[in-house]
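**Student:** Mind having a look at this structure? Questions to follow.
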Amino acid sequence: MIELPSRYDPGAVEDKWYGLWESKKYFCAKPDLKKKPFTIVIPPPNVTGILHMGHALNNTIQDILIRYHRMKGEESLWMPGTDHAGIATQNVVEKSLAKEGLKRQDLGREKFISRVWEWREQYGSTIIRQLKKIGASCDWERLRFTMDEDYSKSVVDVFVKLYEKGLIYRGSYIINWCPRCQTALSDEEAPHHDLQGNLYFLKYPLKSNPDEFIIVATTRPETMLGDTAVAVNPKDKRYKGLVGKTLILPLVNREIKIIADSSVDMKFGTGAVKVTPAHDPNDYALGKKHKLEFINVMYPDGKMNGLAGDYKDMDRFEARGVILEDLKEKGLLEKIEPHALSAGHCYRCHTIIEPYLSKQWFVKMKPLAKPAIEAVKKGKIKFHPERWTKVYLNWMENIQDWCISRQIWWGHRLPVYYCKGCDGVIVSKTPVQTCPKCKKGEVYQDEDVLDTWFSSWLWPFATFKNKEDLKYFYPTSVLVTAPEIIFFWVARMIMSGFEFMKEKPFSDVYIHGTVRDIEGKKMSKSLGNVIDPLEIIKEYGTDALRFSLISITAQGQDVFLSKERFEQGRNFANKIWNASRFILMNLDADKVKVDLCVYFKKENLSPVNRWILSRFYSTLKEVNKNLDSFRFNEAANLLYSFFWHEFCDWYLELIKSEIKNEENQVVMYKILEKFLRTAHPFMPFITEEIWQKLAPEGDSIMIQPWPHIQEEIIDKKAESGMNAVFEIINAIRNMRAELEVPLTNIIDVKLYSSSKAKRELFKSMSRYIKNLAKVNEPVIGEHYTHTKGEFVAVLNEAHAVIPLAGVVDIDKYKAKVGLKIENARAQIKSKESTLANPNFAKRAPLEIVEGEKEKLKNLKEALKKLEGVLDGIR
């Protein structure tokens with residue numbers, strides 16, 4: 001056997017093995033009718049993306065699944081790709097141009113798009129290189145980009161199909177508008193954030209009597225310039241005689257009517273609300289219903305336009321201040337009150353969005369939602385954790401039409417053409433040169449591009465370049481994603497799958513939590529709490545990063561990270577390395593090349609080997625169950641506990657003195673080799689490096705079969721028996737520690753049990769008890785009788801007894817323990833007095849109070865233990 005170096009160096013092995021896997025095409029998948037397909041499509045990272053901890057967690061989970069199913073013999077495809085990320089990418093390139101003193105308009109559309117492609121060629125593969133660094137075993141030969149030519153053709157085909165089916169339409173509606181990006185946004189792209197604002201009470205004079213006013217309350221006084229009515233509830237007695245009367249809109253002196261509508265909340269403000277149909281979605285509905293005028297008072301960049309009169313060219317928020325001053329000067333500002341509100345923000349630049357009347361393209365979503373709702377309700381698609389099902393269904397059952405047009409240049413341009421001659425609208429899969437309606441008009445293409453999500457909702461099927469692949473690998477198996485894109489992406493993919501493929505896109509959706517810092521804050525550059533996964537890899541290694549992330553990530557729960565959390569993965573990698581090195585140093589290659597089941601029968605195995613084999617297969621069974629139910633952290637922790645505590649702490653210690661025994665050699669080798677295969681999906685690099693040194697047959701661990709559960713070797717009786725032996729050894733070790741007896745002192749011990757089976761077990765395992773507990777041959781008896789001068793531990797159906805004569809001075813030891821008990825009681829009394837003091841509880845910081853309570857709890861536990869020690873000395 002080849003020896004391992006004394007220390008594991010991740011940097012020396014990771015690139016080596018990843019390069020081999022890729023060059024040997026181990027990640028590649030192709031249709032094989034003899035095999036069951038297993039498919040995952042990667043949530044395509046933005047082409048602007050740089051690896052962060054969320055990516056690391058998401059892609060580690062996907063890689064675990066792919067490697068696990070690949071080893072199970074399934075034809076496993078992990079489809080990779082990147083998203084063109086319309087707004088995000090355009091913003092990045094525009095910032096680059098700004099450094100040159102240029103705007104995109106200076107270049108024109110074609111030259112600007114060329115610059116974006118140049119940027120993509122230079123920087124767009126960064127995220128792909130970083131995904132490889134964390135061990136992602138994607139089929140890189142299938143790498144897709146949402147702006148690829150054939151993918152773009154699919155996007156156009158889908159638009160045309162939906163348009164011809166009457167599910168895509170154009171209309172003027174209130175939409176979310178980002179003045180910074182100057183584009184429409186869907187509701188999902190304009191998340192609401194709570195703000196502390198104000199409620200402004202404005203006086204609108206009556207035309208018939210300018211000394212009489214109706215007072216309206218608003219959070220956006222700058223939009224008053226576009227008011228075309230004031231609305232009250234018809235049941236509101238305060239305004240009963242005013243409905244139908246005319247008001248003079250302050251500052252612009254426009255006449256507007258007082259209208260009645262049951263939608264008005266009588267409890268909000270004064271119960272009278274200004275109606276601005278071009279700048280508010282609720283007012284838009286009122287405007288349509290009451291046939292009001294629609295007056296847009298802003299330019300697309302958020303500045304006031306010509307219809308705003310004297311406030312033209314002012315920024316909307318600047319105009320707000322000036323308008324309020326002017327109203328105050330005219331005596332028309334009644335009061336200002338603090339008011340908590342919720343405002344939509346652009347998901348890219350975080351600018352407060354403006355509800356804006358604009359002509360846009362929309363998709364009718366309700367018809368598309370029906371089969372997608374039914375599929376989840378019937379269990380054809382399952383969410384993990386299950387609680388996300390309710391979130392999904394609630395959104396789907398209340399779904400609104402989707403605004404899909406964006407006023408930017410980078411993206412899939414709408415396949416829509418307009419005729420200047422007859423005003424015809426032509427939607428076509430191919431470029432249009434002449435109007436098919438009037439046959440002579442000049443035709444031009446719509447300037448807008450499609451929402452980025454309109455291309456990515458096709459991802460599970462548009463990524464396949466040929467029908468054979470699509471037929472074999474679709475529907476995909478599992479989608480692994482984050483909760484924030486359930487509506488953006490997951491729900492829409494389900495709808496598009498049923499609409500265009502007549503089949504669900506995947507069977508399971510695993511929603512993992514958000515990665516946060518140790519205090520629960522979301523990681524961000526502005527907070528300075530970002531942990532860079534590439535820095536962690538550099539310091540601890542990829543396997544340490546992967547294992548640490550997975551072991552602390554409970555299903556669907558948020559992940560709380562500090563740099564120190566990665567020490568667990570690093571320490572586990574070192575434990576695997578050191579244990580493997582010890583085994584390799586002691587292995588005889590000629591003894592281990594056998595089939596364990598053929599060579600040994602369970603009944604012929606030693607109790608220790610019967611136990612460790614049973615524990616391995618029992619663990620493997622639980623690992624399988626947890627992986628199949630997406631409980632990755634439980635699977636990881638089972639492997640950790642088995643290898644560290646059972647295999648290393650117990651098994652290797654138990655057989656150390658007989659390590660060259662043929663049976664021990666075979667079992668030790670087989671368990672290490674099978675453990676490495678089981679751990680491979682979690683820690684691919686270290687397992688490959690060690691596995692290669694074990695010199696098994698095969699080129700790589702990643703294409704080896706997943707270990708088979710040998711049910712006949714699982715022996716719960718053997719496991720129970722060894723647990724009883726470990727309980728004895730631990731009890732003796734703990735008693736030695738209490739008595740402060742060094743391990744170099746071999747002492748006497750007596751073991752008692754009324755169970756004949758246990759007494760026989762203790763007798764048969766006495767050599768292990770002697771060796772690990774550092775005691776002489778145990779005296780084994782049936783009934784324990786209290787005897788003076790003995791230290792006893794009461795166990796499950798057993799007593800472990802240490803005769804104290806010649807080991808410690810009993811009287812001195814009792815006095816020492818008694819003194820500790822007195823001190824503990826005094827400290828407890830002091831702590832209880834402090835906590836009972838009302839001034840302490842009132843004035844001390846909460847963390848100090850909680851700290852004192854924790855100290856009191858620990859003192860009481862220590863006292864109980866000391867009293868038990870004293871009681872145990874007979």
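Labels used: A, B, ... for chains in the order of the structure tokens, numbers from 1 for residues in each chain, and numbers from 1 for ligands as shown.
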Near A:Asn796, within 10 Å and counting only C-alpha atoms, which residues show up once chain neighbours fewer than 5 positions away are dropped, as a list in words?

**Tutor:**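 The neighbour list is Ala724, Glu727, Ile728 and Ser753 of chain A.
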
**Student:** Which of stretch 465-528 of chain A counts as strand (DSSP E or B) under DSSP, as an MDAnalysis selection string please?

**Tutor:** chainID A and resid 478:481 508:511 515:517 522

**Student:** Return the single residue from A:Met79, A:Ile408, A:Ile550, A:Leu167 that is closest to A:Leu479, with distances computed using only C-alpha atoms.

**Tutor:** A:Met79

**Student:** Write out as a Markdown table the residues of stretch 675-747 of chain A that have any atom within 12 Å of an atom of stretch 778-784 of chain A, one row each with the nearest atom pair and its distance in Å to one decimal, counting only C-alpha atoms, sorted by chain and then rising number.

**Tutor:**
| residue | atom | partner | partner_atom | distance |
| --- | --- | --- | --- | --- |
| A:Ile728 | CA | A:Pro778 | CA | 11.0 |
| A:Ile729 | CA | A:Pro778 | CA | 11.4 |
| A:Ile732 | CA | A:Pro778 | CA | 11.3 |
| A:Ile746 | CA | A:Pro778 | CA | 11.5 |
| A:Ile747 | CA | A:Pro778 | CA | 9.6 |

**Student:** As a list in words, please: the residues near A:Lys328 (cut-off 12 Å, only C-alpha atoms, same-chain neighbours under 6 positions excluded).

**Tutor:**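 Everything that qualifies: Tyr200, Phe201, Leu202, Lys203, Pro250, Leu251, Gly321, Val322, Glu334, Lys335 and Ile336 of chain A.
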
**Student:** Go ahead and dump the residues you just picked, N, CA and C atoms, as a short mmCIF file (atom, residue, chain, number, x, y, z; two decimals), in the first residue's frame.

**Tutor:**
data_model
loop_
_atom_site.label_atom_id
_atom_site.label_comp_id
_atom_site.auth_asym_id
_atom_site.auth_seq_id
_atom_site.Cartn_x
_atom_site.Cartn_y
_atom_site.Cartn_z
N TYR A 200 -49.40 63.60 4.32
CA TYR A 200 -49.55 65.04 4.09
C TYR A 200 -51.04 65.35 3.89
N PHE A 201 -51.55 66.30 4.66
CA PHE A 201 -52.96 66.67 4.59
C PHE A 201 -53.06 67.98 3.79
N LEU A 202 -53.69 67.89 2.60
CA LEU A 202 -53.74 69.01 1.67
C LEU A 202 -55.18 69.52 1.54
N LYS A 203 -55.32 70.84 1.42
CA LYS A 203 -56.64 71.46 1.30
C LYS A 203 -56.94 71.78 -0.17
N PRO A 250 -55.21 72.80 -6.40
CA PRO A 250 -54.21 73.83 -6.09
C PRO A 250 -53.00 73.76 -7.00
N LEU A 251 -52.36 74.92 -7.18
CA LEU A 251 -51.12 75.10 -7.91
C LEU A 251 -51.29 75.04 -9.42
N GLY A 321 -40.74 68.61 -2.17
CA GLY A 321 -40.41 69.66 -1.19
C GLY A 321 -40.89 71.03 -1.62
N VAL A 322 -40.70 71.36 -2.90
CA VAL A 322 -41.10 72.68 -3.40
C VAL A 322 -42.62 72.82 -3.38
N GLU A 334 -52.51 71.57 5.47
CA GLU A 334 -53.17 71.50 6.77
C GLU A 334 -52.22 71.01 7.86
N LYS A 335 -51.54 69.88 7.63
CA LYS A 335 -50.61 69.31 8.61
C LYS A 335 -49.83 68.17 7.97
N ILE A 336 -48.78 67.76 8.69
CA ILE A 336 -47.96 66.61 8.27
C ILE A 336 -47.84 65.68 9.46
#

**Student:** Taking 5 positions as the minimum chain separation for residues in the same chain, which residues sit within 9 Å of A:Glu499 when counting only C-alpha atoms? Answer as a PyMOL selection string.

**Tutor:** chain A and resi 368+371+494

**Student:** Restrict the selected residues to N, CA, C and O atoms and save them as a compact mmCIF listing (two decimals), in the first residue's frame.

**Tutor:**
# COMPACT_ATOMS: atom_id res chain seq x y z
N LEU A 368 -52.63 29.91 -17.71
CA LEU A 368 -51.40 29.12 -17.59
C LEU A 368 -51.26 28.53 -16.19
O LEU A 368 -50.63 27.49 -16.01
N PRO A 371 -53.17 24.36 -14.75
CA PRO A 371 -52.53 23.03 -14.66
C PRO A 371 -51.37 23.01 -13.67
O PRO A 371 -51.08 21.98 -13.07
N ILE A 494 -42.92 25.88 -14.01
CA ILE A 494 -43.97 24.86 -13.94
C ILE A 494 -45.07 25.17 -14.96
O ILE A 494 -45.53 24.30 -15.69

**Student:** Between A:Ile64, A:Ile518, A:Ile50, A:Ile810, which is the closest to A:Gly124 once you count only C-alpha atoms?

**Tutor:**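 The shortest atom-to-atom distance to A:Gly124 comes from A:Ile50.
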
**Student:** Considering only C-alpha atoms, return as a PyMOL selection string whatever protein or nucleic-acid residues lie within 8 Å of A:Asn633, sequence-local ones (same chain, fewer than 5 positions apart) excluded.

**Tutor:** chain A and resi 550-555

**Student:** Which residues come within 7 Å of A:Phe566, counting only C-alpha atoms, excluding same-chain residues fewer than 3 positions away, as a PyMOL selection string?

**Tutor:** chain A and resi 544-545+548+563+569-570

**Student:** As a PDB file with N, CA, C and O atoms, in the first residue's frame, please: the residues near stretch 573-583 of chain A (cut-off 8 Å, only C-alpha atoms, same-chain neighbours under 5 positions excluded).

**Tutor:**
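Contents of the output file selection_23.pdb:
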ATOM      1  N   GLU A   3       1.781   4.950   1.120  1.00  0.00           N
ATOM      2  CA  GLU A   3       1.525   5.773   2.298  1.00  0.00           C
ATOM      3  C   GLU A   3       1.057   7.160   1.906  1.00  0.00           C
ATOM      4  O   GLU A   3       1.388   7.685   0.849  1.00  0.00           O
ATOM      5  N   LEU A   4       0.269   7.768   2.807  1.00  0.00           N
ATOM      6  CA  LEU A   4      -0.168   9.148   2.614  1.00  0.00           C
ATOM      7  C   LEU A   4       0.835  10.088   3.283  1.00  0.00           C
ATOM      8  O   LEU A   4       1.444   9.731   4.297  1.00  0.00           O
ATOM      9  N   PRO A   5       0.996  11.296   2.767  1.00  0.00           N
ATOM     10  CA  PRO A   5       1.820  12.291   3.459  1.00  0.00           C
ATOM     11  C   PRO A   5       1.259  12.550   4.859  1.00  0.00           C
ATOM     12  O   PRO A   5       0.085  12.269   5.135  1.00  0.00           O
ATOM     13  N   SER A   6       2.075  13.093   5.724  1.00  0.00           N
ATOM     14  CA  SER A   6       1.653  13.281   7.120  1.00  0.00           C
ATOM     15  C   SER A   6       0.517  14.295   7.247  1.00  0.00           C
ATOM     16  O   SER A   6      -0.271  14.236   8.193  1.00  0.00           O
ATOM     17  N   ARG A   7       0.419  15.266   6.305  1.00  0.00           N
ATOM     18  CA  ARG A   7      -0.635  16.275   6.376  1.00  0.00           C
ATOM     19  C   ARG A   7      -1.392  16.344   5.057  1.00  0.00           C
ATOM     20  O   ARG A   7      -0.814  16.163   3.989  1.00  0.00           O
ATOM     21  N   TYR A   8      -2.708  16.609   5.165  1.00  0.00           N
ATOM     22  CA  TYR A   8      -3.523  16.758   3.957  1.00  0.00           C
ATOM     23  C   TYR A   8      -3.377  18.175   3.423  1.00  0.00           C
ATOM     24  O   TYR A   8      -3.583  19.155   4.154  1.00  0.00           O
ATOM     25  N   ASP A 543     -13.412  20.677   0.267  1.00  0.00           N
ATOM     26  CA  ASP A 543     -14.212  19.691   1.013  1.00  0.00           C
ATOM     27  C   ASP A 543     -14.641  20.238   2.364  1.00  0.00           C
ATOM     28  O   ASP A 543     -15.751  19.959   2.834  1.00  0.00           O
ATOM     29  N   ALA A 544     -13.768  21.022   3.005  1.00  0.00           N
ATOM     30  CA  ALA A 544     -14.112  21.630   4.292  1.00  0.00           C
ATOM     31  C   ALA A 544     -15.261  22.613   4.114  1.00  0.00           C
ATOM     32  O   ALA A 544     -16.191  22.653   4.927  1.00  0.00           O
ATOM     33  N   PHE A 643     -17.913   7.821  11.400  1.00  0.00           N
ATOM     34  CA  PHE A 643     -16.472   7.719  11.136  1.00  0.00           C
ATOM     35  C   PHE A 643     -15.656   8.172  12.336  1.00  0.00           C
ATOM     36  O   PHE A 643     -14.706   7.491  12.751  1.00  0.00           O
ATOM     37  N   TRP A 644     -16.009   9.318  12.894  1.00  0.00           N
ATOM     38  CA  TRP A 644     -15.193   9.887  13.978  1.00  0.00           C
ATOM     39  C   TRP A 644     -15.364   9.085  15.261  1.00  0.00           C
ATOM     40  O   TRP A 644     -14.379   8.664  15.879  1.00  0.00           O
ATOM     41  N   CYS A 648     -13.310   5.475  14.314  1.00  0.00           N
ATOM     42  CA  CYS A 648     -11.996   5.904  14.829  1.00  0.00           C
ATOM     43  C   CYS A 648     -11.881   5.755  16.342  1.00  0.00           C
ATOM     44  O   CYS A 648     -10.962   5.092  16.841  1.00  0.00           O
ATOM     45  N   MET A 668     -11.394  -3.694   8.265  1.00  0.00           N
ATOM     46  CA  MET A 668     -10.900  -2.312   8.336  1.00  0.00           C
ATOM     47  C   MET A 668     -10.795  -1.707   6.939  1.00  0.00           C
ATOM     48  O   MET A 668     -11.216  -0.566   6.698  1.00  0.00           O
ATOM     49  N   TYR A 669     -10.235  -2.466   6.015  1.00  0.00           N
ATOM     50  CA  TYR A 669     -10.065  -2.007   4.629  1.00  0.00           C
ATOM     51  C   TYR A 669     -11.423  -1.788   3.965  1.00  0.00           C
ATOM     52  O   TYR A 669     -11.673  -0.753   3.330  1.00  0.00           O
ATOM     53  N   LEU A 672     -13.321   1.290   5.336  1.00  0.00           N
ATOM     54  CA  LEU A 672     -12.731   2.544   4.883  1.00  0.00           C
ATOM     55  C   LEU A 672     -13.090   2.793   3.413  1.00  0.00           C
ATOM     56  O   LEU A 672     -13.513   3.889   3.046  1.00  0.00           O
ATOM     57  N   ILE A 686     -10.906  14.822  -1.238  1.00  0.00           N
ATOM     58  CA  ILE A 686     -10.133  14.023  -0.290  1.00  0.00           C
ATOM     59  C   ILE A 686     -10.474  12.549  -0.433  1.00  0.00           C
ATOM     60  O   ILE A 686      -9.600  11.681  -0.303  1.00  0.00           O
ATOM     61  N   ILE A 690      -7.570   9.629  -1.296  1.00  0.00           N
ATOM     62  CA  ILE A 690      -7.314   8.468  -0.427  1.00  0.00           C
ATOM     63  C   ILE A 690      -7.693   7.180  -1.137  1.00  0.00           C
ATOM     64  O   ILE A 690      -6.968   6.173  -1.066  1.00  0.00           O
TER      65      ILE A 690
END

**Student:** Check the smallest atom-to-atom distance from each of A:Pro43, A:Met702, A:Leu761, A:Ile168 to A:Phe726 using only C-alpha atoms, then report the winner.

**Tutor:**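 Of A:Pro43, A:Met702, A:Leu761, A:Ile168, the one nearest A:Phe726, counting only C-alpha atoms, is A:Leu761.
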
**Student:** Looking at only C-alpha atoms, which of A:Trp140, A:Ile2, A:Val297, A:Ser76 is the one that sits closest to A:Lys693?

**Tutor:**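 Once distances to A:Lys693 are computed over only C-alpha atoms, the minimum belongs to A:Ile2.
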
**Student:** Which of stretch 592-728 of chain A counts as helix (DSSP H, G or I) under DSSP, as a PyMOL selection string please?

**Tutor:** chain A and resi 592+596-599+602-604+607-628+632-658+662-679+684-693+701-703+711-713+716-728

**Student:** Here is a test: counting only C-alpha atoms, which residue of A:Trp409, A:Val427, A:Asp32, A:Asn282 is nearest to A:Gly108?

**Tutor:** A:Trp409

**Student:** Could you check the closest approach to A:Pro234 for each of A:Val623, A:Ile259, A:Val509, A:Ala319 and tell me which residue wins, using only C-alpha atoms?

**Tutor:**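 Between A:Val623, A:Ile259, A:Val509, A:Ala319, the residue approaching A:Pro234 most closely is A:Ile259.
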
**Student:** Using Å and a single decimal, report how far atom CA of A:Met765 sits from atom CA of A:Leu654.

**Tutor:**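 Atom CA of A:Leu654 sits 10.3 Å away from atom CA of A:Met765.
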